[in-house]
Structure formats: C-alpha cells, structure tokens
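Dropping input-v7.cif in here (mmCIF, C-alpha atoms):
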data_query
#
loop_
_atom_site.label_atom_id
_atom_site.label_comp_id
_atom_site.auth_asym_id
_atom_site.auth_seq_id
_atom_site.Cartn_x
_atom_site.Cartn_y
_atom_site.Cartn_z
CA MET D 16 18.32 19.85 1.37
CA SER D 17 21.30 19.04 -0.86
CA ASP D 18 22.30 16.12 1.39
CA ALA D 19 19.06 14.23 0.63
CA PRO D 20 19.56 11.08 -1.47
CA ALA D 21 17.90 10.86 -4.85
CA LEU D 22 14.38 9.44 -4.69
CA PRO D 23 12.00 8.07 -7.31
CA PRO D 24 9.47 10.54 -8.76
CA ILE D 25 6.36 11.25 -6.68
CA CYS D 26 2.76 11.56 -7.86
CA ASP D 27 1.81 14.78 -6.08
CA TYR D 28 -1.88 15.55 -5.42
CA GLU D 29 -1.10 19.13 -4.37
CA GLU D 30 -3.33 20.71 -7.02
CA THR D 31 -6.02 18.02 -6.90
CA ASP D 32 -9.49 18.44 -5.40
CA TYR D 33 -9.55 14.88 -4.09
CA GLU D 34 -12.76 15.37 -2.15
CA ALA D 35 -14.50 16.31 -5.41
CA PHE D 36 -13.15 13.11 -6.97
CA TRP D 37 -14.98 11.08 -4.32
CA ARG D 38 -18.16 13.12 -4.58
CA ALA D 39 -18.36 12.45 -8.34
CA GLY D 40 -20.34 9.21 -8.38
CA ARG D 41 -17.98 7.05 -6.30
CA ALA D 42 -20.21 6.30 -3.33
CA TYR D 43 -20.23 2.58 -4.22
CA GLU D 44 -16.42 2.36 -4.30
CA ASP D 45 -16.14 4.23 -1.01
CA LEU D 46 -18.62 1.97 0.74
CA ALA D 47 -17.13 -1.23 -0.71
CA GLU D 48 -13.64 -0.21 0.41
CA ARG D 49 -14.94 0.55 3.89
CA ILE D 50 -16.44 -2.94 4.12
CA ALA D 51 -13.08 -4.47 3.19
CA LEU D 52 -11.14 -2.28 5.58
CA ARG D 53 -13.47 -3.02 8.49
CA ALA D 54 -13.06 -6.76 7.81
CA LEU D 55 -9.25 -6.60 7.81
CA LEU D 56 -8.36 -3.80 10.24
CA PRO D 57 -7.51 -4.70 13.84
CA PRO D 58 -10.28 -2.92 15.77
CA ARG D 59 -8.00 -1.51 18.48
CA GLY D 60 -4.39 -0.52 18.95
CA ARG D 61 -2.03 2.09 20.35
CA ARG D 62 -0.79 3.81 17.21
CA LEU D 63 -1.90 3.76 13.55
CA VAL D 64 -0.66 5.65 10.50
CA GLU D 65 -2.46 5.92 7.19
CA ILE D 66 -0.01 6.63 4.36
CA GLY D 67 -1.50 8.66 1.54
CA ALA D 68 -4.46 9.55 3.70
CA GLY D 69 -5.55 12.46 1.51
CA PHE D 70 -8.30 14.47 3.17
CA GLY D 71 -8.94 11.75 5.77
CA ARG D 72 -11.73 9.93 3.93
CA LEU D 73 -11.32 6.69 5.91
CA ALA D 74 -10.25 8.13 9.26
CA ASP D 75 -13.58 7.52 10.99
CA LEU D 76 -12.73 3.80 10.88
CA TYR D 77 -9.81 4.30 13.30
CA ALA D 78 -11.89 4.99 16.40
CA GLY D 79 -10.24 2.13 18.33
CA TYR D 80 -6.74 3.63 18.20
CA GLU D 81 -5.16 5.84 20.84
CA GLU D 82 -3.06 7.80 18.33
CA VAL D 83 -3.78 8.25 14.60
CA TYR D 84 -1.33 9.77 12.13
CA LEU D 85 -2.60 10.86 8.71
CA LEU D 86 0.34 11.24 6.33
CA ASP D 87 0.33 12.56 2.78
CA TYR D 88 2.92 14.02 0.42
CA ALA D 89 0.69 16.96 -0.54
CA ARG D 90 0.39 19.78 2.00
CA SER D 91 -3.07 20.72 0.67
CA GLN D 92 -4.33 17.18 1.39
CA VAL D 93 -2.90 17.18 4.91
CA GLU D 94 -4.46 20.55 5.62
CA ALA D 95 -7.82 19.25 4.35
CA ALA D 96 -7.47 16.27 6.71
CA ARG D 97 -6.70 18.65 9.57
CA ARG D 98 -9.83 20.69 8.85
CA ARG D 99 -11.84 17.48 8.86
CA TRP D 100 -10.31 15.79 11.93
CA GLY D 101 -8.42 18.49 13.85
CA HIS D 102 -11.10 18.54 16.53
CA ASP D 103 -10.05 15.05 17.67
CA PRO D 104 -6.97 15.15 19.95
CA ARG D 105 -5.97 11.63 18.91
CA PHE D 106 -5.03 12.82 15.42
CA ARG D 107 -1.69 14.09 14.07
CA PHE D 108 -1.23 15.32 10.49
CA VAL D 109 2.05 14.72 8.69
CA ILE D 110 3.39 16.05 5.39
CA GLY D 111 5.83 13.31 4.51
CA ASP D 112 7.39 11.09 1.88
CA LEU D 113 6.65 7.37 1.61
CA TYR D 114 10.26 6.70 0.59
CA ARG D 115 11.59 8.49 3.71
CA LEU D 116 9.05 7.94 6.45
CA PRO D 117 9.83 10.24 9.41
CA PHE D 118 9.32 7.58 12.08
CA ILE D 119 11.76 5.39 13.99
CA PRO D 120 11.66 1.59 13.53
CA GLY D 121 8.80 -0.20 15.24
CA SER D 122 6.67 2.91 15.76
CA PHE D 123 3.25 1.57 14.70
CA ASP D 124 0.86 -1.25 15.50
CA THR D 125 -1.01 -0.79 12.22
CA ILE D 126 -0.34 0.84 8.85
CA VAL D 127 -3.04 1.44 6.23
CA MET D 128 -2.35 2.33 2.59
CA VAL D 129 -5.31 2.54 0.21
CA ARG D 130 -5.18 3.83 -3.40
CA VAL D 131 -1.55 4.83 -3.05
CA ILE D 132 0.79 2.09 -4.27
CA HIS D 133 -0.61 2.37 -7.81
CA HIS D 134 1.40 5.64 -7.94
CA VAL D 135 4.62 4.07 -6.61
CA ARG D 136 7.45 3.31 -9.04
CA ASP D 137 9.82 1.65 -6.56
CA VAL D 138 7.51 -0.74 -4.73
CA PRO D 139 10.23 -2.84 -3.03
CA ARG D 140 11.80 0.29 -1.54
CA ALA D 141 8.45 1.56 -0.29
CA LEU D 142 7.52 -1.78 1.27
CA ARG D 143 10.87 -2.04 3.06
CA GLU D 144 10.29 1.42 4.51
CA ILE D 145 6.82 0.45 5.71
CA HIS D 146 8.03 -2.81 7.22
CA GLU D 147 10.72 -0.98 9.16
CA VAL D 148 8.33 1.38 10.94
CA LEU D 149 5.89 -1.40 11.92
CA ARG D 150 6.49 -3.24 15.14
CA PRO D 151 7.16 -6.99 14.72
CA GLY D 152 3.75 -8.62 14.43
CA GLY D 153 2.16 -5.34 13.40
CA VAL D 154 -0.46 -5.28 10.66
CA PHE D 155 -0.20 -3.69 7.23
CA ILE D 156 -3.42 -3.20 5.23
CA LEU D 157 -2.57 -2.65 1.57
CA GLU D 158 -4.92 -1.94 -1.34
CA PHE D 159 -3.58 -2.16 -4.88
CA ALA D 160 -4.89 -1.93 -8.43
CA ASN D 161 -5.17 -5.42 -9.91
CA LYS D 162 -3.67 -5.91 -13.36
CA ARG D 163 -5.41 -9.26 -13.81
CA ASN D 164 -8.96 -7.99 -13.46
CA LEU D 165 -11.85 -9.31 -15.54
CA LYS D 166 -12.21 -6.19 -17.68
CA ALA D 167 -8.51 -6.21 -18.59
CA ILE D 168 -8.70 -9.91 -19.48
CA LEU D 169 -11.68 -9.39 -21.78
CA ARG D 170 -10.06 -6.37 -23.46
CA TYR D 171 -6.88 -8.35 -24.03
CA VAL D 172 -8.74 -11.34 -25.49
CA VAL D 173 -10.60 -9.20 -28.06
CA GLY D 174 -7.48 -7.23 -28.98
CA ALA D 175 -8.54 -3.91 -27.46
CA GLN D 176 -5.50 -3.85 -25.15
CA SER D 177 -1.85 -4.48 -26.02
CA TRP D 178 -0.46 -5.50 -22.62
CA SER D 179 -1.18 -8.92 -21.15
CA PRO D 180 -2.98 -9.05 -17.79
CA PHE D 181 -1.34 -12.43 -17.19
CA SER D 182 2.31 -11.32 -17.32
CA PRO D 183 3.73 -10.73 -13.84
CA GLU D 184 5.45 -7.36 -14.29
CA PRO D 185 3.60 -4.12 -13.41
CA VAL D 186 2.07 -2.08 -16.22
CA GLU D 187 2.35 1.72 -16.24
CA PHE D 188 -0.82 2.63 -18.16
CA ALA D 189 -0.31 6.37 -17.53
CA PRO D 190 2.61 8.30 -16.00
CA LEU D 191 3.02 7.10 -12.40
CA HIS D 192 -0.16 4.99 -12.61
CA PHE D 193 0.53 1.27 -12.19
CA ASP D 194 -1.50 -1.92 -12.15
CA PHE D 195 0.03 -4.95 -10.43
CA HIS D 196 -0.32 -8.70 -10.86
CA PRO D 197 -1.44 -10.29 -7.56
CA ALA D 198 1.40 -12.85 -7.59
CA TRP D 199 3.97 -10.11 -8.20
CA MET D 200 2.67 -8.01 -5.31
CA ARG D 201 2.57 -11.00 -2.98
CA ALA D 202 6.20 -11.78 -3.82
CA ARG D 203 7.28 -8.19 -3.11
CA LEU D 204 5.49 -8.21 0.25
CA GLU D 205 7.17 -11.45 1.25
CA GLU D 206 10.58 -10.15 0.16
CA ALA D 207 10.05 -7.10 2.39
CA GLY D 208 9.41 -9.37 5.41
CA PHE D 209 5.61 -9.57 5.45
CA ARG D 210 3.45 -12.64 5.91
CA ILE D 211 0.10 -12.58 4.09
CA GLN D 212 -2.80 -13.23 6.45
CA ARG D 213 -6.01 -12.47 4.54
CA GLU D 214 -7.23 -10.93 1.30
CA ARG D 215 -10.42 -9.30 -0.02
CA ALA D 216 -11.38 -8.71 -3.65
CA VAL D 217 -13.19 -5.37 -3.92
CA SER D 218 -15.39 -3.54 -6.45
CA HIS D 219 -16.91 -6.56 -8.22
CA PHE D 220 -19.67 -4.33 -9.57
CA ARG D 221 -17.69 -1.28 -10.71
CA HIS D 222 -19.64 -0.68 -13.92
CA PRO D 223 -21.48 2.54 -14.82
CA TRP D 224 -24.82 0.92 -15.66
CA LEU D 225 -24.85 -1.15 -12.47
CA LYS D 226 -24.05 1.95 -10.42
CA ARG D 227 -26.94 3.78 -12.11
CA LEU D 228 -29.36 0.89 -11.68
CA ILE D 229 -28.67 -0.15 -8.07
CA PRO D 230 -28.32 2.26 -5.11
CA ALA D 231 -24.74 2.48 -3.83
CA PRO D 232 -25.43 1.03 -0.34
CA ALA D 233 -27.14 -2.05 -1.80
CA LEU D 234 -24.44 -2.54 -4.42
CA ALA D 235 -21.69 -2.23 -1.80
CA ARG D 236 -23.51 -4.66 0.48
CA MET D 237 -23.56 -7.18 -2.38
CA ASP D 238 -19.86 -6.57 -2.92
CA GLY D 239 -19.19 -7.25 0.75
CA TRP D 240 -20.93 -10.62 0.50
CA VAL D 241 -18.47 -11.85 -2.16
CA GLN D 242 -15.24 -10.05 -1.23
CA GLY D 243 -13.90 -13.01 0.73
CA ILE D 244 -14.69 -15.72 -1.81
CA GLY D 245 -13.67 -13.41 -4.65
CA ALA D 246 -10.15 -13.28 -3.22
CA LEU D 247 -9.72 -16.88 -4.38
CA TRP D 248 -9.71 -15.91 -8.07
CA LYS D 249 -8.82 -12.20 -7.82
CA LEU D 250 -10.62 -10.78 -10.86
CA THR D 251 -11.67 -7.42 -9.39
CA PRO D 252 -9.97 -4.08 -10.14
CA SER D 253 -9.03 -3.62 -6.48
CA LEU D 254 -7.49 -6.06 -4.01
CA PHE D 255 -6.97 -5.62 -0.27
CA ILE D 256 -4.31 -7.55 1.65
CA ARG D 257 -3.77 -7.87 5.39
CA ALA D 258 -0.13 -8.73 6.08
CA GLU D 259 1.84 -9.18 9.30
CA ALA D 260 5.30 -7.71 9.79
CA GLY D 261 8.00 -10.24 10.54
CA PRO D 262 11.00 -9.65 12.82
CA SER D 263 12.97 -6.52 12.02
CA ALA D 264 16.72 -6.41 11.52
CA ARG D 265 16.73 -3.14 13.48
CA PRO D 266 15.68 -2.98 17.13
CA THR D 267 12.68 -0.91 18.13
CA GLU D 268 13.81 2.44 19.53
CA GLU D 269 12.23 4.83 22.01
CA GLY D 270 10.30 7.86 20.79
CA LEU D 271 8.58 8.40 17.47
CA TRP D 272 10.26 10.84 15.07
CA ARG D 273 13.21 10.23 12.80
CA CYS D 274 14.92 12.78 10.58
CA PRO D 275 14.06 12.02 6.93
CA LEU D 276 17.54 13.21 5.89
CA CYS D 277 20.07 11.74 8.31
CA ARG D 278 17.70 9.00 9.56
CA ARG D 279 18.61 9.62 13.19
CA PRO D 280 16.06 9.85 16.04
CA ALA D 281 14.71 13.37 16.46
CA ARG D 282 13.11 15.20 19.35
CA GLU D 283 9.81 17.05 19.21
CA GLU D 284 9.81 20.72 20.21
CA GLU D 285 6.98 23.25 20.30
CA THR D 286 7.57 24.56 16.76
CA ALA D 287 9.75 21.90 15.13
CA VAL D 288 11.08 18.36 15.15
CA VAL D 289 14.88 18.58 15.50
CA CYS D 290 17.55 15.94 14.86
CA PRO D 291 21.12 15.78 16.28
CA GLU D 292 22.52 16.94 12.94
CA GLY D 293 20.57 20.18 13.22
CA HIS D 294 17.87 19.49 10.64
CA ARG D 295 14.64 21.16 11.72
CA TRP D 296 11.18 20.12 10.52
CA PRO D 297 8.44 22.69 11.18
CA ARG D 298 5.53 21.87 13.44
CA GLU D 299 2.26 23.79 13.58
CA GLY D 300 0.35 22.28 16.49
CA PRO D 301 -0.74 18.79 15.38
CA LEU D 302 0.59 19.36 11.82
CA TYR D 303 4.16 18.25 11.10
CA ARG D 304 5.95 19.31 7.92
CA MET D 305 8.37 16.40 7.67
CA ARG D 306 9.48 16.99 4.11
CA GLU D 307 9.92 20.75 4.41
CA GLY D 308 12.98 21.11 6.62
CA ILE D 309 14.17 24.48 7.80
#

Mind converting the file's structure to structure tokens?
Amino acid sequence: MSDAPALPPICDYEETDYEAFWRAGRAYEDLAERIALRALLPPRGRRLVEIGAGFGRLADLYAGYEEVYLLDYARSQVEAARRRWGHDPRFRFVIGDLYRLPFIPGSFDTIVMVRVIHHVRDVPRALREIHEVLRPGGVFILEFANKRNLKAILRYVVGAQSWSPFSPEPVEFAPLHFDFHPAWMRARLEEAGFRIQRERAVSHFRHPWLKRLIPAPALARMDGWVQGIGALWKLTPSLFIRAEAGPSARPTEEGLWRCPLCRRPAREEETAVVCPEGHRWPREGPLYRMREGI
C-alpha cells in the first residue's frame, strides 16, 4: 500500500460498541433523525449508499431502493451491519474510506451521511469525493453538528465557553470531533457543486429532563412538527440538508467499482475486486474490503 497518497486522520469506530451507544437513552434522537430522513429522502431509486452506516441503524428506511450499499471505515461496524441486514439480497457491505470512495463517478442516485462529517477534518475533500460518485441531479442527505446551537450560544454568553458559536470556522472541541457553522457548511457544499434544496433542524428537545419527562415517541413527534420551521433559524444541535449534485466534470462510466489506489475502474470477481494495475480488494460474498487490498 506504499503507493497510496497521504490522507487526513480517520476517526475509527473499530473498538466501539455503537449499538450500545444507541441503546443508552437515545431513542428520542433516533426517532427524530428518522423523521427528518423520511422527509428528505427520495422514496425510490436504483442505487443508494450510506457512508458511515455503522451497524445499519437507518437501513430500514431504504426499502424503495433496488441496491443499497452500507459503507463504513471500521470492519467491525460493517460486519455488524451484515449480521443485521445480510438476509436482504439488495444489500452490499463495504469497508471503505470516505476520502477514497471505491466507486466510479456517477454511481449513485442517493447518498446519505448521518453523524459522520463531525469526525471529518478535510470537509472540502470529502464533499468533492461524494459529489463525484453521485449522478448529476442525484441527492445527498447530510447531517452535521451545528456550532451555532442554542446551548452553545447561552454558554458563550455567560462565559462558560471560550469559542464563539457565531464565528464561521469549525471548532474541534475534542480530537476529530467538529461542530460546524451552518453558513460555513452551506458554502462548502456549494463549492463542491451541490445545490441546497431543503433543510431540517433536528433534536430541539435534546435535554435530559425533557427526555425523562416525556416518552421518546411523543418527544420525537413534537420535534418533527417544528423541524421544518426550525430550519429558518437553525438553533438545534443537529441539522439535516438535502442537496442536489450539479453537473460533474467527469463523465459517468459503466460499472460500479473503482480502485481506491490507482482510481481506475475495477472488475468484480468471485473473491476480489481487481483493477488493471493488479490491486486486489478482497470480497466475501456481499462484503467488500475496499481498504484492505491484497
């Protein structure tokens, strides 16, 4: 792998029990995010990929797609997704890198990325990669952590927080954990070739005492009622954007796979994906190890 170009650091969930994270009192957040995703996601399409899919938490929402690819950097997460969804022949499971997506340009109708970009240091590079593998006119659903949320504003006003929620640059509040200003993220999407279509502000009621007081389904239903109007002032900790991919500088090619190293189209064999340069990427049935070349 010595011929691979240097990439930004990756936040790897390999040793993380991500399913336990969602079981630990986050039913409200899960339900609220599902409401937003249902509102923004095209209900049908040929091919969808979720980047940073983890164990496949949201994959039941993709029933209208002929092919669904669940991609994550961590092998343990992809294997968990396979255990959860391997019974469905529409699904493929990909161990891959956001900065070197293993797909040819124009491969997907829809791309979903939820709770991922807050770990991404080089956002412009990642968004360019995503734009390239969407077909022109394809839809990108992006969730990001909002720097200018109400809690951060109040903490800043009373002096409990040093960084300003109003400044446009991202804040790294922990290693490889970023919050983004809405205007900054919108600008990066437009620079990458996307056109913003719709937005939803999510998790208005993410407060421990509210979550204890009100059952999660009712609280999420209330959140759903105000997600659309809340997008006007964007004060929630989580924002969802639906964006459309503009014309690509590269023509759409036939096939699906692309070598993450040499970036040339690759062919799928029974036990590997192989590129003309001889790089081989192991395949185990519907699981593709596209960052672990032979």

| message | Residues within 7 Å of segment 77-86 of chain D, please, as JSON, numbers by chain. Count all atoms listed in the file; anything in the same chain fewer than 3 positions from it doesn't count. | response | {"D": [58, 59, 60, 61, 62, 63, 64, 65, 66, 67, 68, 74, 93, 105, 106, 107, 108, 109, 110, 111]}

| request: Using all atoms listed in the file, determine which residues lie at most 12 Å from Arg41 of chain D, disregarding the query and same-chain residues fewer than 2 positions distant; provide the list as a ChimeraX atom specification. | output: /D:33-39,43-48,218,220-223,226-227,230-232,234-235

| If you apply the PyMOL selection byres ((chain D and resi 137-145) around 10) to this file, what residues do you get, as a PyMOL selection string? | chain D and resi 22-24+66+112-116+118+120-121+123+126-128+132-136+146-149+155+200+202-209+260

Where does the PyMOL selection byres ((chain D and resi 269) around 12) land in this file, that is, which residues does it pick, as an mmCIF file with C-alpha atoms, in the coordinates of the input?
data_model
loop_
_atom_site.group_PDB
_atom_site.id
_atom_site.type_symbol
_atom_site.label_atom_id
_atom_site.label_comp_id
_atom_site.auth_asym_id
_atom_site.auth_seq_id
_atom_site.Cartn_x
_atom_site.Cartn_y
_atom_site.Cartn_z
ATOM 1 C CA PHE D 118 9.320 7.580 12.080
ATOM 2 C CA ILE D 119 11.760 5.390 13.990
ATOM 3 C CA PRO D 120 11.660 1.590 13.530
ATOM 4 C CA GLY D 121 8.800 -0.200 15.240
ATOM 5 C CA SER D 122 6.670 2.910 15.760
ATOM 6 C CA PRO D 266 15.680 -2.980 17.130
ATOM 7 C CA THR D 267 12.680 -0.910 18.130
ATOM 8 C CA GLU D 268 13.810 2.440 19.530
ATOM 9 C CA GLY D 270 10.300 7.860 20.790
ATOM 10 C CA LEU D 271 8.580 8.400 17.470
ATOM 11 C CA TRP D 272 10.260 10.840 15.070
ATOM 12 C CA ARG D 273 13.210 10.230 12.800
ATOM 13 C CA ARG D 279 18.610 9.620 13.190
ATOM 14 C CA PRO D 280 16.060 9.850 16.040
ATOM 15 C CA ALA D 281 14.710 13.370 16.460
ATOM 16 C CA ARG D 282 13.110 15.200 19.350
#

| Residue IDs satisfying the PyMOL selection byres ((chain D and resi 187) around 12), as an MDAnalysis selection string | chainID D and resid 133:136 160 162 178 184:186 188:195

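Reported to one decimal place, the separation of atom CA of Val129 of chain D from atom CA of Pro197 of chain D is 15.5 Å.
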
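Computed from the coordinates, the atom CA of Arg72 of chain D to atom CA of Ala42 of chain D distance equals 11.7 Å.
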
| For the atom pair atom CA of Ala51 of chain D and atom CA of Leu76 of chain D, what is the interatomic distance in Å to one decimal place? |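 Computing it gives 11.3 Å between the two atoms.
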
| field | Long-range neighbours of Ser253 of chain D as number ranges by chain, 7 Å cut-off, only C-alpha atoms, 4 positions minimum in chain | value | D: 158-161, 216-218

| task | Name the closest residue to Arg306 of chain D among the candidates D:Pro275, D:Glu29, D:Arg210, D:Pro291; distances are taken between atoms, counting all atoms listed in the file. | result |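 Residue with the minimum atom-to-atom distance to Arg306 of chain D: D:Pro275.
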